[in-house]
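Shown next: model-v4.tsv, given as TSV, C-alpha atoms.
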```tsv
chain	number	residue	atom	x	y	z
A	978	MET	CA	24.27	14.41	-14.93
A	979	PHE	CA	26.07	11.27	-13.84
A	980	LYS	CA	26.06	8.68	-16.59
A	981	LEU	CA	28.15	5.61	-17.39
A	982	ASN	CA	28.47	3.46	-20.47
A	983	GLU	CA	26.98	-0.03	-20.43
A	984	GLU	CA	30.16	-1.84	-19.59
A	985	GLN	CA	30.98	0.49	-16.70
A	986	ALA	CA	27.40	0.29	-15.39
A	987	LYS	CA	27.43	-3.49	-15.54
A	988	ARG	CA	30.66	-3.64	-13.56
A	989	ILE	CA	29.14	-1.48	-10.83
A	990	ALA	CA	25.79	-3.28	-10.79
A	991	GLU	CA	27.52	-6.62	-10.39
A	992	GLN	CA	29.33	-5.46	-7.26
A	993	LEU	CA	26.15	-4.85	-5.31
A	994	ASN	CA	24.60	-7.27	-2.87
A	995	TYR	CA	20.89	-7.48	-3.74
A	996	ARG	CA	19.88	-8.96	-0.43
A	997	TRP	CA	16.74	-7.00	0.34
A	998	PRO	CA	13.29	-8.35	-0.68
A	999	ASP	CA	12.81	-9.00	-4.43
A	1000	ASP	CA	16.61	-9.09	-4.87
A	1001	THR	CA	17.07	-5.38	-4.40
A	1002	VAL	CA	19.32	-2.85	-2.74
A	1003	VAL	CA	17.86	-0.03	-0.67
A	1004	ALA	CA	18.31	3.37	-2.30
A	1005	VAL	CA	18.40	6.54	-0.23
A	1006	VAL	CA	17.73	9.63	-2.31
A	1007	GLN	CA	19.24	12.92	-1.21
A	1008	GLU	CA	18.68	16.28	-2.86
A	1009	LYS	CA	21.86	17.84	-4.18
A	1010	TYR	CA	21.39	21.52	-3.43
A	1011	SER	CA	19.60	21.21	-0.08
A	1012	GLY	CA	20.98	17.97	1.36
A	1013	LYS	CA	17.44	16.92	2.26
A	1014	VAL	CA	16.64	13.23	2.27
A	1015	LEU	CA	13.78	12.97	-0.20
A	1016	MET	CA	12.79	9.33	-0.17
A	1017	VAL	CA	13.85	5.71	0.12
A	1018	ALA	CA	13.15	3.22	-2.65
A	1019	SER	CA	14.30	-0.19	-3.87
A	1020	MET	CA	16.49	-0.97	-6.86
A	1021	ASN	CA	17.02	-4.35	-8.47
A	1022	LYS	CA	19.95	-4.94	-10.78
A	1023	GLU	CA	18.02	-3.75	-13.81
A	1024	ALA	CA	17.06	-0.51	-12.03
A	1025	VAL	CA	20.70	0.09	-11.11
A	1026	LEU	CA	21.81	-0.52	-14.70
A	1027	ARG	CA	19.21	1.79	-16.19
A	1028	THR	CA	19.90	4.49	-13.61
A	1029	LEU	CA	23.61	4.39	-14.31
A	1030	THR	CA	23.31	4.32	-18.10
A	1031	THR	CA	20.63	7.01	-18.41
A	1032	GLY	CA	21.46	9.30	-15.48
A	1033	ILE	CA	17.77	9.23	-14.53
A	1034	ALA	CA	16.62	7.47	-11.33
A	1035	HIS	CA	14.90	4.12	-11.96
A	1036	TYR	CA	13.49	2.00	-9.13
A	1037	TRP	CA	11.85	-1.36	-8.55
A	1038	SER	CA	8.32	-1.31	-7.17
A	1039	LYS	CA	7.92	-4.17	-4.70
A	1040	SER	CA	4.14	-3.71	-4.62
A	1041	ARG	CA	3.57	-3.51	-8.38
A	1042	LYS	CA	6.49	-5.82	-9.25
A	1043	GLU	CA	7.72	-3.56	-11.97
A	1044	LEU	CA	10.47	-1.16	-12.88
A	1045	TRP	CA	9.51	2.49	-12.69
A	1046	VAL	CA	11.06	5.81	-13.53
A	1047	LYS	CA	10.52	8.36	-10.81
A	1048	GLY	CA	8.52	11.14	-12.45
A	1049	ALA	CA	7.43	9.16	-15.52
A	1050	THR	CA	3.84	10.21	-14.92
A	1051	SER	CA	4.24	13.21	-12.61
A	1052	GLY	CA	7.17	14.83	-14.41
A	1053	HIS	CA	9.14	14.93	-11.16
A	1054	ILE	CA	12.18	13.29	-12.75
A	1055	GLN	CA	15.32	12.80	-10.65
A	1056	VAL	CA	18.60	13.53	-12.41
A	1057	VAL	CA	21.43	11.62	-10.77
A	1058	GLU	CA	24.51	13.64	-9.84
A	1059	GLY	CA	26.24	11.26	-7.45
A	1060	PHE	CA	26.14	7.54	-6.73
A	1061	TYR	CA	27.55	6.08	-3.51
A	1062	ILE	CA	27.69	2.51	-2.24
A	1063	ASP	CA	27.83	1.58	1.43
A	1064	CYS	CA	30.28	-0.74	3.17
A	1065	ASP	CA	27.93	-3.74	2.98
A	1066	ARG	CA	27.21	-3.02	-0.70
A	1067	ASP	CA	23.50	-3.58	-0.10
A	1068	THR	CA	22.51	0.09	0.09
A	1069	VAL	CA	23.17	2.97	-2.27
A	1070	LEU	CA	22.89	6.71	-1.94
A	1071	LEU	CA	21.73	8.73	-4.93
A	1072	VAL	CA	22.44	12.43	-4.90
A	1073	VAL	CA	19.92	13.97	-7.27
A	1074	ARG	CA	18.63	17.15	-8.76
A	1075	GLN	CA	14.90	16.87	-8.90
A	1076	ALA	CA	12.94	18.50	-11.71
A	1077	SER	CA	10.46	19.92	-9.19
A	1078	LEU	CA	10.09	20.55	-5.51
A	1079	ILE	CA	7.91	17.49	-5.09
A	1080	ALA	CA	9.37	14.05	-4.42
A	1081	CYS	CA	6.41	12.61	-2.53
A	1082	HIS	CA	3.30	11.27	-4.20
A	1083	GLU	CA	1.35	13.08	-1.49
A	1084	GLY	CA	2.57	16.38	-2.92
A	1085	TYR	CA	5.34	17.18	-0.46
A	1086	HIS	CA	8.93	18.11	-1.08
A	1087	SER	CA	10.17	15.02	0.77
A	1088	CYS	CA	8.50	11.76	1.69
A	1089	PHE	CA	9.84	12.34	5.21
A	1090	HIS	CA	7.29	15.03	5.93
A	1091	TYR	CA	6.02	13.62	9.20
A	1092	ARG	CA	8.06	15.09	12.03
A	1093	VAL	CA	7.74	13.75	15.54
A	1094	SER	CA	7.58	16.76	17.84
A	1095	GLU	CA	9.16	17.06	21.25
A	1096	ASP	CA	5.84	16.30	22.90
A	1097	GLY	CA	5.31	13.15	20.86
A	1098	LYS	CA	2.91	14.50	18.23
A	1099	VAL	CA	3.22	13.77	14.52
A	1100	GLU	CA	3.27	17.04	12.62
A	1101	VAL	CA	3.56	17.75	8.92
A	1102	GLU	CA	6.77	19.51	7.96
A	1103	LYS	CA	5.91	20.80	4.51
A	1104	GLU	CA	9.46	21.67	3.56
A	1105	GLY	CA	10.81	18.26	4.49
A	1106	PRO	CA	13.24	17.16	7.17
A	1107	LYS	CA	15.68	19.65	8.64
A	1108	PHE	CA	19.13	18.73	9.75
A	1109	GLU	CA	20.58	22.02	10.91
B	16	MET	CA	18.56	15.31	22.63
B	17	PHE	CA	15.17	14.20	21.40
B	18	LYS	CA	13.44	12.08	24.00
B	19	LEU	CA	9.84	11.08	24.66
B	20	ASN	CA	8.13	9.50	27.63
B	21	GLU	CA	7.00	5.88	27.38
B	22	GLU	CA	3.41	6.63	26.50
B	23	GLN	CA	4.38	9.08	23.76
B	24	ALA	CA	6.98	6.68	22.37
B	25	LYS	CA	4.49	3.83	22.32
B	26	ARG	CA	1.99	5.92	20.40
B	27	ILE	CA	4.62	6.72	17.76
B	28	ALA	CA	5.98	3.17	17.55
B	29	GLU	CA	2.49	1.81	17.00
B	30	GLN	CA	1.94	4.04	13.99
B	31	LEU	CA	4.79	2.54	11.99
B	32	ASN	CA	4.44	-0.18	9.39
B	33	TYR	CA	7.10	-2.80	10.15
B	34	ARG	CA	6.95	-4.39	6.76
B	35	TRP	CA	10.64	-4.93	6.04
B	36	PRO	CA	12.34	-8.24	6.90
B	37	ASP	CA	12.21	-9.26	10.59
B	38	ASP	CA	9.27	-6.87	11.12
B	39	THR	CA	11.35	-3.74	10.85
B	40	VAL	CA	11.32	-0.26	9.39
B	41	VAL	CA	14.32	1.04	7.46
B	42	ALA	CA	16.16	3.81	9.29
B	43	VAL	CA	18.20	6.37	7.38
B	44	VAL	CA	20.67	8.16	9.62
B	45	GLN	CA	21.70	11.70	8.74
B	46	GLU	CA	24.28	13.77	10.58
B	47	LYS	CA	22.88	16.97	12.03
B	48	TYR	CA	25.63	19.47	11.48
B	49	SER	CA	26.87	18.25	8.09
B	50	GLY	CA	23.74	16.80	6.50
B	51	LYS	CA	25.73	13.74	5.46
B	52	VAL	CA	23.94	10.42	5.24
B	53	LEU	CA	25.89	8.23	7.63
B	54	MET	CA	24.27	4.83	7.38
B	55	VAL	CA	21.12	2.81	6.90
B	56	ALA	CA	19.96	0.31	9.52
B	57	SER	CA	16.84	-1.59	10.56
B	58	MET	CA	14.60	-0.92	13.56
B	59	ASN	CA	11.98	-3.22	14.96
B	60	LYS	CA	9.31	-1.88	17.31
B	61	GLU	CA	11.49	-2.40	20.38
B	62	ALA	CA	14.37	-0.49	18.75
B	63	VAL	CA	12.02	2.39	17.94
B	64	LEU	CA	10.71	2.44	21.51
B	65	ARG	CA	14.16	2.40	23.07
B	66	THR	CA	15.45	5.05	20.66
B	67	LEU	CA	12.55	7.37	21.42
B	68	THR	CA	12.64	6.89	25.21
B	69	THR	CA	16.43	7.17	25.61
B	70	GLY	CA	17.35	9.60	22.83
B	71	ILE	CA	20.13	7.20	21.79
B	72	ALA	CA	19.92	5.30	18.49
B	73	HIS	CA	19.03	1.62	18.89
B	74	TYR	CA	18.79	-0.76	15.92
B	75	TRP	CA	17.85	-4.33	15.10
B	76	SER	CA	20.57	-6.52	13.66
B	77	LYS	CA	19.07	-8.82	11.05
B	78	SER	CA	22.22	-10.92	10.91
B	79	ARG	CA	22.73	-11.34	14.66
B	80	LYS	CA	18.99	-11.26	15.46
B	81	GLU	CA	19.47	-8.88	18.34
B	82	LEU	CA	18.92	-5.33	19.43
B	83	TRP	CA	22.04	-3.18	19.42
B	84	VAL	CA	23.02	0.30	20.48
B	85	LYS	CA	25.13	2.01	17.88
B	86	GLY	CA	28.43	2.72	19.63
B	87	ALA	CA	27.90	0.35	22.56
B	88	THR	CA	31.32	-1.17	21.95
B	89	SER	CA	33.03	1.49	19.82
B	90	GLY	CA	31.82	4.52	21.78
B	91	HIS	CA	30.46	6.09	18.58
B	92	ILE	CA	27.05	6.72	20.13
B	93	GLN	CA	24.39	8.52	18.07
B	94	VAL	CA	22.34	11.10	19.95
B	95	VAL	CA	18.99	11.60	18.26
B	96	GLU	CA	18.00	15.18	17.51
B	97	GLY	CA	15.19	14.65	15.04
B	98	PHE	CA	12.85	11.83	14.11
B	99	TYR	CA	10.90	11.82	10.84
B	100	ILE	CA	8.48	9.28	9.37
B	101	ASP	CA	7.85	8.86	5.65
B	102	CYS	CA	4.52	8.82	3.84
B	103	ASP	CA	4.33	5.01	3.82
B	104	ARG	CA	5.28	4.87	7.51
B	105	ASP	CA	7.73	2.06	6.80
B	106	THR	CA	10.88	4.20	6.79
B	107	VAL	CA	12.21	6.68	9.34
B	108	LEU	CA	14.87	9.34	9.21
B	109	LEU	CA	16.99	9.94	12.28
B	110	VAL	CA	18.88	13.20	12.46
B	111	VAL	CA	21.74	12.58	14.87
B	112	ARG	CA	24.76	14.06	16.51
B	113	GLN	CA	27.40	11.40	16.55
B	114	ALA	CA	29.89	11.20	19.40
B	115	SER	CA	32.75	10.81	16.92
B	116	LEU	CA	33.52	11.25	13.26
B	117	ILE	CA	33.18	7.54	12.63
B	118	ALA	CA	29.84	5.93	11.79
B	119	CYS	CA	31.18	3.01	9.77
B	120	HIS	CA	32.65	-0.11	11.30
B	121	GLU	CA	35.35	0.14	8.66
B	122	GLY	CA	36.56	3.34	10.27
B	123	TYR	CA	35.02	5.88	7.94
B	124	HIS	CA	32.89	8.91	8.69
B	125	SER	CA	29.98	7.49	6.69
B	126	CYS	CA	29.14	3.96	5.56
B	127	PHE	CA	28.57	5.47	2.10
B	128	HIS	CA	32.26	5.89	1.49
B	129	TYR	CA	32.38	4.18	-1.89
B	130	ARG	CA	31.84	6.78	-4.57
B	131	VAL	CA	31.30	5.75	-8.17
B	132	SER	CA	33.43	8.06	-10.28
B	133	GLU	CA	32.50	9.52	-13.65
B	134	ASP	CA	34.56	6.85	-15.41
B	135	GLY	CA	32.86	4.01	-13.55
B	136	LYS	CA	35.50	3.32	-10.91
B	137	VAL	CA	34.71	2.77	-7.25
B	138	GLU	CA	36.76	5.16	-5.15
B	139	VAL	CA	36.93	5.68	-1.43
B	140	GLU	CA	35.62	9.05	-0.29
B	141	LYS	CA	37.04	9.28	3.20
B	142	GLU	CA	34.91	12.19	4.27
B	143	GLY	CA	31.68	10.56	3.17
B	144	PRO	CA	29.18	11.47	0.49
B	145	LYS	CA	28.97	15.01	-0.77
B	146	PHE	CA	25.78	16.64	-1.87
B	147	GLU	CA	26.84	20.15	-2.77
```

Any chance you could give the structure as structure tokens?
Amino acid sequence: MFKLNEEQAKRIAEQLNYRWPDDTVVAVVQEKYSGKVLMVASMNKEAVLRTLTTGIAHYWSKSRKELWVKGATSGHIQVVEGFYIDCDRDTVLLVVRQASLIACHEGYHSCFHYRVSEDGKVEVEKEGPKFE
Amino acid sequence: MFKLNEEQAKRIAEQLNYRWPDDTVVAVVQEKYSGKVLMVASMNKEAVLRTLTTGIAHYWSKSRKELWVKGATSGHIQVVEGFYIDCDRDTVLLVVRQASLIACHEGYHSCFHYRVSEDGKVEVEKEGPKFE
């Protein structure tokens, strides 16, 4: 688990550029053992702080206008193992271990479960996106 | 190379929900052979159409307000090998082969080259984010 103290977390959170809607950064979530991209979410400063100090992924819901812990109701908690910031400092990458094989509220391993096939169809890829 | 005809591409592009700023979807770009997340960019409908019909990654620049081809000036073209859509249809995942080891305009393999260390420092990870 990747976890900082409050002072360290504050120093990191203050370096980010919250320039996406609702004063957020975009968070890409990648699964540690498989490398699969699980989902994309938004984080405001508070979500970044709580994620860094608890080691558990917190996000900002732009539709509900509230902070949420991934898995708070479903149990599909994401334990943070790595935290990366991009060159523009407006996007972060969380490398996580997920407490289940389900990241998507539709019951799939990854939210990116719609694959466009070579003949232009949209097909469900139950095991999530492949990169190899 | 993943490439559709115009009719197929149009059908896909019309299914997306361009609800991010400037009527875009968020595009996460993952490298095919390594699984590394290289960058995040924005795509409007035109960028999606051109990406799908040419097999080369096109994005929308929110700062310059123009369509751009990744690598048009640097040569670091991204050849699309896989195209995934998330459950909300407002985010896509491009699996690409990149024509060089440099995705970031700062000269790094991945834009996510700032790693937060266990003691809260920001360190440069030249080879990009690790997930294993």

Using 9 Å as the limit and counting all atoms listed in the file, can you tabulate each residue of chain A that touches chain B, with its shortest atom-to-atom distance in Å and the two atoms involved, as CSV?
```
residue,atom,partner,partner_atom,distance
A:Phe979,CA,B:Glu133,CA,6.7
A:Lys980,CA,B:Glu133,CA,7.1
A:Leu981,CA,B:Gly135,CA,6.3
A:Asn982,CA,B:Gly135,CA,8.2
A:Glu984,CA,B:Gly135,CA,8.8
A:Gln985,CA,B:Gly135,CA,5.1
A:Ala986,CA,B:Gly135,CA,6.9
A:Arg988,CA,B:Gly135,CA,8.0
A:Ile989,CA,B:Gly135,CA,7.2
A:Trp997,CA,B:Pro36,CA,8.0
A:Pro998,CA,B:Pro36,CA,7.6
A:Val1003,CA,B:Val55,CA,8.7
A:Val1005,CA,B:Val43,CA,7.6
A:Gln1007,CA,B:Phe146,CA,7.6
A:Glu1008,CA,B:Phe146,CA,7.2
A:Lys1009,CA,B:Phe146,CA,4.7
A:Tyr1010,CA,B:Glu147,CA,5.7
A:Ser1011,CA,B:Glu147,CA,7.8
A:Gly1012,CA,B:Phe146,CA,5.9
A:Lys1013,CA,B:Gly50,CA,7.6
A:Val1014,CA,B:Leu108,CA,8.2
A:Met1016,CA,B:Asp101,CA,7.6
A:Val1017,CA,B:Thr106,CA,7.5
A:Glu1058,CA,B:Phe146,CA,8.6
A:Gly1059,CA,B:Val131,CA,7.5
A:Phe1060,CA,B:Val131,CA,5.6
A:Tyr1061,CA,B:Arg130,CA,4.5
A:Ile1062,CA,B:Tyr129,CA,5.0
A:Asp1063,CA,B:Phe127,CA,4.0
A:Cys1064,CA,B:Cys126,CA,5.4
A:Asp1065,CA,B:Cys126,CA,8.2
A:Arg1066,CA,B:Tyr129,CA,8.9
A:Thr1068,CA,B:Val55,CA,7.5
A:Val1069,CA,B:Phe127,CA,7.4
A:Leu1070,CA,B:Phe127,CA,7.1
A:Val1072,CA,B:Phe146,CA,6.2
A:Val1073,CA,B:Phe146,CA,8.4
A:Cys1081,CA,B:Cys102,CA,7.6
A:His1082,CA,B:Cys102,CA,8.5
A:Glu1083,CA,B:Cys102,CA,7.5
A:Ser1087,CA,B:Asp101,CA,8.2
A:Cys1088,CA,B:Asp101,CA,5.0
A:Phe1089,CA,B:Asp101,CA,4.0
A:His1090,CA,B:Asp101,CA,6.2
A:Tyr1091,CA,B:Ile100,CA,5.0
A:Arg1092,CA,B:Tyr99,CA,4.5
A:Val1093,CA,B:Phe98,CA,5.6
A:Ser1094,CA,B:Phe98,CA,8.1
A:Glu1095,CA,B:Phe17,CA,6.7
A:Asp1096,CA,B:Leu19,CA,6.8
A:Gly1097,CA,B:Gln23,CA,5.1
A:Lys1098,CA,B:Gln23,CA,7.9
A:Val1099,CA,B:Ile27,CA,7.9
A:Pro1106,CA,B:Tyr99,CA,6.9
A:Lys1107,CA,B:Gly97,CA,8.1
A:Phe1108,CA,B:Lys47,CA,4.7
A:Glu1109,CA,B:Lys47,CA,5.7
```

Please write the residues from the selection above to a file, keeping C-alpha atoms, as a PDB file, in the frame of the given file.
```
ATOM      1  CA  PHE A 979      26.070  11.270 -13.840  1.00  0.00           C
ATOM      2  CA  LYS A 980      26.060   8.680 -16.590  1.00  0.00           C
ATOM      3  CA  LEU A 981      28.150   5.610 -17.390  1.00  0.00           C
ATOM      4  CA  ASN A 982      28.470   3.460 -20.470  1.00  0.00           C
ATOM      5  CA  GLU A 984      30.160  -1.840 -19.590  1.00  0.00           C
ATOM      6  CA  GLN A 985      30.980   0.490 -16.700  1.00  0.00           C
ATOM      7  CA  ALA A 986      27.400   0.290 -15.390  1.00  0.00           C
ATOM      8  CA  ARG A 988      30.660  -3.640 -13.560  1.00  0.00           C
ATOM      9  CA  ILE A 989      29.140  -1.480 -10.830  1.00  0.00           C
ATOM     10  CA  TRP A 997      16.740  -7.000   0.340  1.00  0.00           C
ATOM     11  CA  PRO A 998      13.290  -8.350  -0.680  1.00  0.00           C
ATOM     12  CA  VAL A1003      17.860  -0.030  -0.670  1.00  0.00           C
ATOM     13  CA  VAL A1005      18.400   6.540  -0.230  1.00  0.00           C
ATOM     14  CA  GLN A1007      19.240  12.920  -1.210  1.00  0.00           C
ATOM     15  CA  GLU A1008      18.680  16.280  -2.860  1.00  0.00           C
ATOM     16  CA  LYS A1009      21.860  17.840  -4.180  1.00  0.00           C
ATOM     17  CA  TYR A1010      21.390  21.520  -3.430  1.00  0.00           C
ATOM     18  CA  SER A1011      19.600  21.210  -0.080  1.00  0.00           C
ATOM     19  CA  GLY A1012      20.980  17.970   1.360  1.00  0.00           C
ATOM     20  CA  LYS A1013      17.440  16.920   2.260  1.00  0.00           C
ATOM     21  CA  VAL A1014      16.640  13.230   2.270  1.00  0.00           C
ATOM     22  CA  MET A1016      12.790   9.330  -0.170  1.00  0.00           C
ATOM     23  CA  VAL A1017      13.850   5.710   0.120  1.00  0.00           C
ATOM     24  CA  GLU A1058      24.510  13.640  -9.840  1.00  0.00           C
ATOM     25  CA  GLY A1059      26.240  11.260  -7.450  1.00  0.00           C
ATOM     26  CA  PHE A1060      26.140   7.540  -6.730  1.00  0.00           C
ATOM     27  CA  TYR A1061      27.550   6.080  -3.510  1.00  0.00           C
ATOM     28  CA  ILE A1062      27.690   2.510  -2.240  1.00  0.00           C
ATOM     29  CA  ASP A1063      27.830   1.580   1.430  1.00  0.00           C
ATOM     30  CA  CYS A1064      30.280  -0.740   3.170  1.00  0.00           C
ATOM     31  CA  ASP A1065      27.930  -3.740   2.980  1.00  0.00           C
ATOM     32  CA  ARG A1066      27.210  -3.020  -0.700  1.00  0.00           C
ATOM     33  CA  THR A1068      22.510   0.090   0.090  1.00  0.00           C
ATOM     34  CA  VAL A1069      23.170   2.970  -2.270  1.00  0.00           C
ATOM     35  CA  LEU A1070      22.890   6.710  -1.940  1.00  0.00           C
ATOM     36  CA  VAL A1072      22.440  12.430  -4.900  1.00  0.00           C
ATOM     37  CA  VAL A1073      19.920  13.970  -7.270  1.00  0.00           C
ATOM     38  CA  CYS A1081       6.410  12.610  -2.530  1.00  0.00           C
ATOM     39  CA  HIS A1082       3.300  11.270  -4.200  1.00  0.00           C
ATOM     40  CA  GLU A1083       1.350  13.080  -1.490  1.00  0.00           C
ATOM     41  CA  SER A1087      10.170  15.020   0.770  1.00  0.00           C
ATOM     42  CA  CYS A1088       8.500  11.760   1.690  1.00  0.00           C
ATOM     43  CA  PHE A1089       9.840  12.340   5.210  1.00  0.00           C
ATOM     44  CA  HIS A1090       7.290  15.030   5.930  1.00  0.00           C
ATOM     45  CA  TYR A1091       6.020  13.620   9.200  1.00  0.00           C
ATOM     46  CA  ARG A1092       8.060  15.090  12.030  1.00  0.00           C
ATOM     47  CA  VAL A1093       7.740  13.750  15.540  1.00  0.00           C
ATOM     48  CA  SER A1094       7.580  16.760  17.840  1.00  0.00           C
ATOM     49  CA  GLU A1095       9.160  17.060  21.250  1.00  0.00           C
ATOM     50  CA  ASP A1096       5.840  16.300  22.900  1.00  0.00           C
ATOM     51  CA  GLY A1097       5.310  13.150  20.860  1.00  0.00           C
ATOM     52  CA  LYS A1098       2.910  14.500  18.230  1.00  0.00           C
ATOM     53  CA  VAL A1099       3.220  13.770  14.520  1.00  0.00           C
ATOM     54  CA  PRO A1106      13.240  17.160   7.170  1.00  0.00           C
ATOM     55  CA  LYS A1107      15.680  19.650   8.640  1.00  0.00           C
ATOM     56  CA  PHE A1108      19.130  18.730   9.750  1.00  0.00           C
ATOM     57  CA  GLU A1109      20.580  22.020  10.910  1.00  0.00           C
TER      58      GLU A1109
END
```

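The coordinates place atom CA of Ala1034 of chain A at 10.6 Å from atom CA of His1053 of chain A.
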
key: Separation of atom CA of Val1057 of chain A from atom CA of His1086 of chain A in Å   =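 We find that atom CA of His1086 of chain A and atom CA of Val1057 of chain A lie 17.1 Å from each other.
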
request  = Would you please work out which residue, of B:Arg65, B:Lys80, B:His73, B:Lys141, is nearest to Ala28 of chain B when using only C-alpha atoms?
outcome  =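 Closest candidate: B:Arg65.
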
request  = Please indicate the distance in Å from atom CA of Gly70 of chain B to atom CA of Val40 of chain B, rounded to one decimal place.
outcome  =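 Computing it gives 17.7 Å between the two atoms.
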
Report, as AutoDock Vina command-line options, the centre and edge lengths in Å (one decimal) of the axis-aligned box enclosing every listed atom of segment 74-84 of chain B, padded by 4 Å on each side.
```
--center_x 20.4 --center_y -5.5 --center_z 15.7 --size_x 13.2 --size_y 19.6 --size_z 17.6
```

message = Restricting the calculation to all atoms listed in the file: of B:Val94, B:Glu61, B:Asp37, B:Ile117, which residue gets closest to Arg79 of chain B?
response =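 Once distances to Arg79 of chain B are computed over all atoms listed in the file, the minimum belongs to B:Asp37.
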
request  = Determine, counting only C-alpha atoms, which protein, DNA and RNA residues have an atom within 9 Å of an atom of Val1046 of chain A; residues of the same chain fewer than 2 positions away are not included. Present the result as an MDAnalysis selection string.
outcome  = chainID A and resid 1024 1028 1033:1037 1044 1048:1050 1054:1055
